[in-house]
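To start, the structure itself, in structure tokens.
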Amino acid sequence: MAAQRVLMMGNDAIGEGAIRAGCDAYFGYPITPQNELTAYMAEHMPKHGRVFIQAESELAAINMVFGAAVAGKRAMTSSSSPGISLKQEGLSYLAGCELPAVVVNVQRGGPGLGNIGPGQADYFQATKGGGHGDYRLVVLAPDSVQEMHDLTVLAFELADRYRNPAMVLTDGRLGQMMEPLVLRDEPPPRPPPKPWALTGAAGRAPQRVCSLLLEDGALERHNEKIQQKLAVIEREEIRFEERATDDCDILLVAYGTSARIAKGAVAAAREEGLRLGLFRPITLWPFPREPLGAMGRRTGVVLVIEMSAGQMLEDVRLAVGDGPEVHFIGRTGGGVPDVKNVLDVARRVSKRGGRADHAARTRGAGL
Amino acid sequence: MLSRKPKALADEPTHYCPGCGHGIVHKLIAEAVDRLGIRERTVGIAPVGCAVLAYNYLRVDMTEAAHGRVPAVATGIKRVQPDAIVFGYQGDGDLAAIGMAETIHAANRGENITIFFVNNSVYGMTGGQMAPTTLEGQLTATCPSGRNPLEDGAPIGVCEMLNTLRRPWYIERVALDSPAGVRRCRRAIHDALRAQMDGKGYSLVEILSPCPVYLHLSPVDALRFVREKMAAQFPPGVFRRDGHPVGPAHGKRSGGAMES
């Protein structure tokens, strides 16, 4: 199969992935640091005869996505943290109506207006529901420009397969960086049939797509159905990467930009004889709880690295249980940990072998 | 005129209160859909509010929209399947309060969709609160001393506001205050959908409609309220036709301030 190696910005790679995934419609609203993606779609979607609209707000954009999705088309929107907060209403409706759609969050510093530096503090919002009601998004976390592309394609496939919204959760650094990317000439995607789509009731009875279920017990039954679907996703769709975990003494756990730092730390540590390994969740939901738990218990010392005050940290603790020590390095507000941070904490943890959770957090954050 | 149940109308008793206008509007939409032969390519969007169950009564493909988001959902549906006939059904709170941004921008883009805007001057579903179209002095659960424009703002004329934009194609306001008003409404709904079928762009029909329960009036007095009070604040007529404003400032037609 023909392949093409190109240099591309992360935000553009998401756009290219969406187009190659057969995204029929993109609805955006300007916000930094994801603007290149919206501009990419503005330029390229019309060339492919697809729909591009700059909406009047993030609220409108996610509801346009709802409209395109309910018509059976592949639809996407993207934003950054404050804008993603505005989209939570629409995400809840998409989940309630069991509509496939892809939402990209190029995270920035928060809370509030925050800043335009990279962040990972929307983890709770992305993985725990975000909007109202019982639902989950499939959440994919790329750590390279290649994965910005590839996981966007996967997001469309998983969204369609499970009739559930999917999110690509990335950050401003990955969005803005340029890296080589291999684009393969894949055959065009073939989305599954969507007999539920609202296309006009030609030759069939009229149908509806809605999340309002007022009859006694109907909403509870609907929720049970959604939960059963989510249980299948948890069983079937776990994805993660391991690096140097066979013999590691300390297991780093990180995703996205933090995982890139962790990879640098693993390599640097090996040179000085410090055996670090990395467990990188690629699906943040479903969270790779069992493989991480097994690896964490085997290693005994876990070091979580995030650009947040400790969000994925909670899932790591649940995964590994009370046995292993769990240490944490967290930067917030646009701060990014560096390899030196990680090595400093790893050396101390390694020598002491004792609990250093608080100290690690303080030192690691450079406060 | 021969009267029988349109094919696009379900054989279901509605949940609407006695004297409510929604049932009439549903029937008129169903009639227009039948008459235009578009039942098998129409997609409707039910609002949040009293008409949230509109899809129980209209036999076309239908979905829901979050409160106020009907025009955005309609935009998404229409842009990916331009041959579908897409209509949104909205009340006054949905359209002119929480959904005003979506309303203005869909109209301003000239989206080729049709909005049926049922204005009864009050939030019905939630128990009779003040709406953007509540009249000055009108009593509601949240303006118990009467709407005071100094604090609560003045009633918003949606047709007038949208008519300041360049892109809408067809805007008309009608009143369900009489058999003649119902006939005008029937024609307006037909004309709006026809415009969409012809690919002309954004069309909106505002329908002044009685809500006896939350106006605290008998059904007959509620009709009188629509005719005398609401129509005084919100004059019925064609505001825009063929993409051009209609009215005294734009050359007289039909001898009045606006056509009716």
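Numbering starts fresh at 1 for the residues of each chain in the structure tokens, the chains themselves are lettered A, B, ... in the order given, and ligands are numbered from 1 as they appear.
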Chain B contacts to chain A at 10 Å (only C-alpha atoms) as a ChimeraX atom specification: /B:8,38-46,48,52-53,55-56,58-81,83-86,99,101-102,104-106,109
Would you mind exporting C-alpha atoms of the selected residues as a PDB file, in the first residue's frame?
ATOM      1  CA  ALA B   8     -48.719  13.010   8.430  1.00  0.00           C
ATOM      2  CA  ILE B  38     -42.888  15.657   1.314  1.00  0.00           C
ATOM      3  CA  ARG B  39     -43.840  13.224   4.075  1.00  0.00           C
ATOM      4  CA  GLU B  40     -41.135  10.777   3.027  1.00  0.00           C
ATOM      5  CA  ARG B  41     -38.331  13.310   3.049  1.00  0.00           C
ATOM      6  CA  THR B  42     -39.225  15.495   5.999  1.00  0.00           C
ATOM      7  CA  VAL B  43     -37.246  15.540   9.234  1.00  0.00           C
ATOM      8  CA  GLY B  44     -38.678  17.513  12.143  1.00  0.00           C
ATOM      9  CA  ILE B  45     -37.156  18.676  15.396  1.00  0.00           C
ATOM     10  CA  ALA B  46     -39.198  18.852  18.558  1.00  0.00           C
ATOM     11  CA  VAL B  48     -37.979  21.471  24.851  1.00  0.00           C
ATOM     12  CA  VAL B  52     -41.549  18.261  23.387  1.00  0.00           C
ATOM     13  CA  LEU B  53     -43.714  15.287  22.426  1.00  0.00           C
ATOM     14  CA  TYR B  55     -43.042  13.498  17.510  1.00  0.00           C
ATOM     15  CA  ASN B  56     -45.872  11.505  19.050  1.00  0.00           C
ATOM     16  CA  LEU B  58     -46.440  14.029  13.552  1.00  0.00           C
ATOM     17  CA  ARG B  59     -45.809  10.994  11.381  1.00  0.00           C
ATOM     18  CA  VAL B  60     -42.482  12.070   9.935  1.00  0.00           C
ATOM     19  CA  ASP B  61     -38.911  11.333  11.036  1.00  0.00           C
ATOM     20  CA  MET B  62     -38.239  13.414  14.125  1.00  0.00           C
ATOM     21  CA  THR B  63     -35.647  14.100  16.741  1.00  0.00           C
ATOM     22  CA  GLU B  64     -35.250  16.328  19.769  1.00  0.00           C
ATOM     23  CA  ALA B  65     -32.986  19.250  20.506  1.00  0.00           C
ATOM     24  CA  ALA B  66     -31.656  20.592  23.769  1.00  0.00           C
ATOM     25  CA  HIS B  67     -33.439  23.730  24.958  1.00  0.00           C
ATOM     26  CA  GLY B  68     -32.928  26.465  22.372  1.00  0.00           C
ATOM     27  CA  ARG B  69     -30.729  24.445  20.020  1.00  0.00           C
ATOM     28  CA  VAL B  70     -33.295  23.570  17.368  1.00  0.00           C
ATOM     29  CA  PRO B  71     -31.811  25.816  14.638  1.00  0.00           C
ATOM     30  CA  ALA B  72     -28.331  24.338  15.176  1.00  0.00           C
ATOM     31  CA  VAL B  73     -29.615  20.763  15.007  1.00  0.00           C
ATOM     32  CA  ALA B  74     -31.678  21.681  11.939  1.00  0.00           C
ATOM     33  CA  THR B  75     -28.564  23.171  10.347  1.00  0.00           C
ATOM     34  CA  GLY B  76     -26.629  19.940  10.888  1.00  0.00           C
ATOM     35  CA  ILE B  77     -29.398  17.767   9.472  1.00  0.00           C
ATOM     36  CA  LYS B  78     -29.990  19.966   6.452  1.00  0.00           C
ATOM     37  CA  ARG B  79     -26.377  20.540   5.474  1.00  0.00           C
ATOM     38  CA  VAL B  80     -25.590  16.832   5.259  1.00  0.00           C
ATOM     39  CA  GLN B  81     -28.785  15.947   3.398  1.00  0.00           C
ATOM     40  CA  ASP B  83     -32.775  17.121  -0.182  1.00  0.00           C
ATOM     41  CA  ALA B  84     -34.472  16.575   3.152  1.00  0.00           C
ATOM     42  CA  ILE B  85     -37.125  19.058   4.222  1.00  0.00           C
ATOM     43  CA  VAL B  86     -36.142  20.114   7.715  1.00  0.00           C
ATOM     44  CA  GLY B  99     -31.956  29.875  21.849  1.00  0.00           C
ATOM     45  CA  ALA B 101     -28.160  33.104  19.381  1.00  0.00           C
ATOM     46  CA  GLU B 102     -28.896  29.959  17.365  1.00  0.00           C
ATOM     47  CA  ILE B 104     -30.297  34.747  14.755  1.00  0.00           C
ATOM     48  CA  HIS B 105     -27.296  32.976  13.285  1.00  0.00           C
ATOM     49  CA  ALA B 106     -29.253  30.275  11.464  1.00  0.00           C
ATOM     50  CA  ARG B 109     -26.684  32.216   7.359  1.00  0.00           C
TER      51      ARG B 109
END
Could you give me, as a ChimeraX atom specification, the residues within 9 Å of A:Val302, counting only C-alpha atoms and dropping anything in the same chain fewer than 4 positions from it? /A:249-253,296-297,316,320,324-328
Store the residues picked out above, limited to C-alpha atoms, as a tab-separated table (two decimals), in the first residue's frame.
chain	number	residue	atom	x	y	z
A	249	ASP	CA	11.95	-0.83	39.35
A	250	ILE	CA	9.72	2.20	39.00
A	251	LEU	CA	6.71	2.27	36.73
A	252	LEU	CA	5.92	5.66	35.24
A	253	VAL	CA	2.29	6.21	34.23
A	296	GLY	CA	1.92	-1.76	39.16
A	297	ARG	CA	1.70	-4.55	41.72
A	316	VAL	CA	-4.11	4.72	38.80
A	320	VAL	CA	-3.01	-0.68	41.52
A	324	PRO	CA	2.35	-0.36	45.56
A	325	GLU	CA	3.68	3.05	46.50
A	326	VAL	CA	2.13	5.71	44.29
A	327	HIS	CA	4.06	8.93	43.71
A	328	PHE	CA	2.99	11.89	41.68
Go through stretch 125-365 of chain A and collect every residue that DSSP, computed from the backbone, puts in strand (DSSP E or B); the answer should be as number ranges by chain. A: 138-140, 165-171, 178-184, 208-209, 240-243, 250-253, 276-281, 283-285, 301-306, 325-330
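Picture a line from atom CA of A:Ala126 to atom CA of A:Gly17; it runs 20.8 Å.
Considering the residues B:Glu160, B:Asp94, B:Glu172, B:Asp152 and counting only C-alpha atoms, B:Ile207 has its shortest atom-to-atom contact with B:Glu172.
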Any idea what's packed within 10 Å of A:Gly130, counting only C-alpha atoms, ignoring anything in its chain fewer than 6 positions away? Could you give it as a list in words?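 Here the answer would be Ile84, Ser85, Lys87, Gln88, Glu89, Leu91, Ser92, Asp122, Tyr123, Phe124, Arg136 and Leu137 of chain A.
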File dump, residues just selected, N, CA and C atoms, as a PDB file, in the first residue's frame:
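Saved result, selection.pdb, follows:
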ATOM      1  N   ILE A  84     -14.843  23.221  25.441  1.00  0.00           N
ATOM      2  CA  ILE A  84     -15.330  21.862  25.679  1.00  0.00           C
ATOM      3  C   ILE A  84     -16.329  21.851  26.831  1.00  0.00           C
ATOM      4  N   SER A  85     -16.109  22.736  27.806  1.00  0.00           N
ATOM      5  CA  SER A  85     -17.103  22.839  28.885  1.00  0.00           C
ATOM      6  C   SER A  85     -18.464  23.202  28.303  1.00  0.00           C
ATOM      7  N   LYS A  87     -19.604  22.421  25.492  1.00  0.00           N
ATOM      8  CA  LYS A  87     -20.142  21.323  24.681  1.00  0.00           C
ATOM      9  C   LYS A  87     -20.716  20.189  25.522  1.00  0.00           C
ATOM     10  N   GLN A  88     -20.601  20.290  26.836  1.00  0.00           N
ATOM     11  CA  GLN A  88     -21.012  19.148  27.662  1.00  0.00           C
ATOM     12  C   GLN A  88     -22.506  18.844  27.530  1.00  0.00           C
ATOM     13  N   GLU A  89     -23.320  19.882  27.393  1.00  0.00           N
ATOM     14  CA  GLU A  89     -24.758  19.656  27.205  1.00  0.00           C
ATOM     15  C   GLU A  89     -24.992  18.782  25.969  1.00  0.00           C
ATOM     16  N   LEU A  91     -22.890  16.820  24.450  1.00  0.00           N
ATOM     17  CA  LEU A  91     -22.336  15.467  24.612  1.00  0.00           C
ATOM     18  C   LEU A  91     -23.303  14.578  25.369  1.00  0.00           C
ATOM     19  N   SER A  92     -23.945  15.136  26.382  1.00  0.00           N
ATOM     20  CA  SER A  92     -24.925  14.347  27.131  1.00  0.00           C
ATOM     21  C   SER A  92     -26.097  13.932  26.228  1.00  0.00           C
ATOM     22  N   ASP A 122      -8.442  18.382  32.060  1.00  0.00           N
ATOM     23  CA  ASP A 122      -9.825  18.065  31.685  1.00  0.00           C
ATOM     24  C   ASP A 122     -10.070  16.558  31.717  1.00  0.00           C
ATOM     25  N   TYR A 123      -9.142  15.833  32.359  1.00  0.00           N
ATOM     26  CA  TYR A 123      -9.253  14.380  32.410  1.00  0.00           C
ATOM     27  C   TYR A 123     -10.549  13.938  33.084  1.00  0.00           C
ATOM     28  N   PHE A 124     -10.834  14.528  34.242  1.00  0.00           N
ATOM     29  CA  PHE A 124     -12.088  14.148  34.930  1.00  0.00           C
ATOM     30  C   PHE A 124     -13.281  14.378  34.006  1.00  0.00           C
ATOM     31  N   ARG A 136     -20.568   7.620  29.339  1.00  0.00           N
ATOM     32  CA  ARG A 136     -19.120   7.795  29.185  1.00  0.00           C
ATOM     33  C   ARG A 136     -18.829   8.106  27.731  1.00  0.00           C
ATOM     34  N   LEU A 137     -17.736   8.819  27.530  1.00  0.00           N
ATOM     35  CA  LEU A 137     -17.193   8.961  26.188  1.00  0.00           C
ATOM     36  C   LEU A 137     -16.082   7.942  26.036  1.00  0.00           C
TER      37      LEU A 137
END
Just want the 9 Å neighbourhood of stretch 280-283 of chain A, counted on only C-alpha atoms, with same-chain residues fewer than 5 positions away dropped. Output as number ranges by chain. A: 138-143, 237-243, 252-256, 259, 288, 292
Point-to-point distance from atom CA of A:Ala159 to atom CA of A:Pro100, Å rounded to tenths: 4.6 Å
Shell of 7 Å around stretch 109-116 of chain A, only C-alpha atoms, local chain residues under 3 positions omitted, as number ranges by chain: A: 32-33, 82, 119, 332-334
Selected residues written out with C-alpha atoms, as a short mmCIF file (atom, residue, chain, number, x, y, z; two decimals), in the first residue's frame:
data_model
loop_
_atom_site.label_atom_id
_atom_site.label_comp_id
_atom_site.auth_asym_id
_atom_site.auth_seq_id
_atom_site.Cartn_x
_atom_site.Cartn_y
_atom_site.Cartn_z
CA THR A 32 -6.60 28.70 20.97
CA PRO A 33 -4.65 26.37 20.84
CA PRO A 82 -13.30 26.33 28.03
CA GLY A 119 -2.82 21.16 30.03
CA THR A 332 -0.72 22.90 36.26
CA GLY A 333 -1.61 26.16 34.57
CA GLY A 334 0.31 25.51 31.37
#
Which residues in stretch 28-162 of chain B does DSSP call alpha helix (DSSP H)? List them as a ChimeraX atom specification. /B:28-36,70-80,92-93,100-109,149-152,158-162
Please indicate the distance in Å from atom CA of A:Met8 to atom CA of A:Glu36, rounded to one decimal place. 11.2 Å
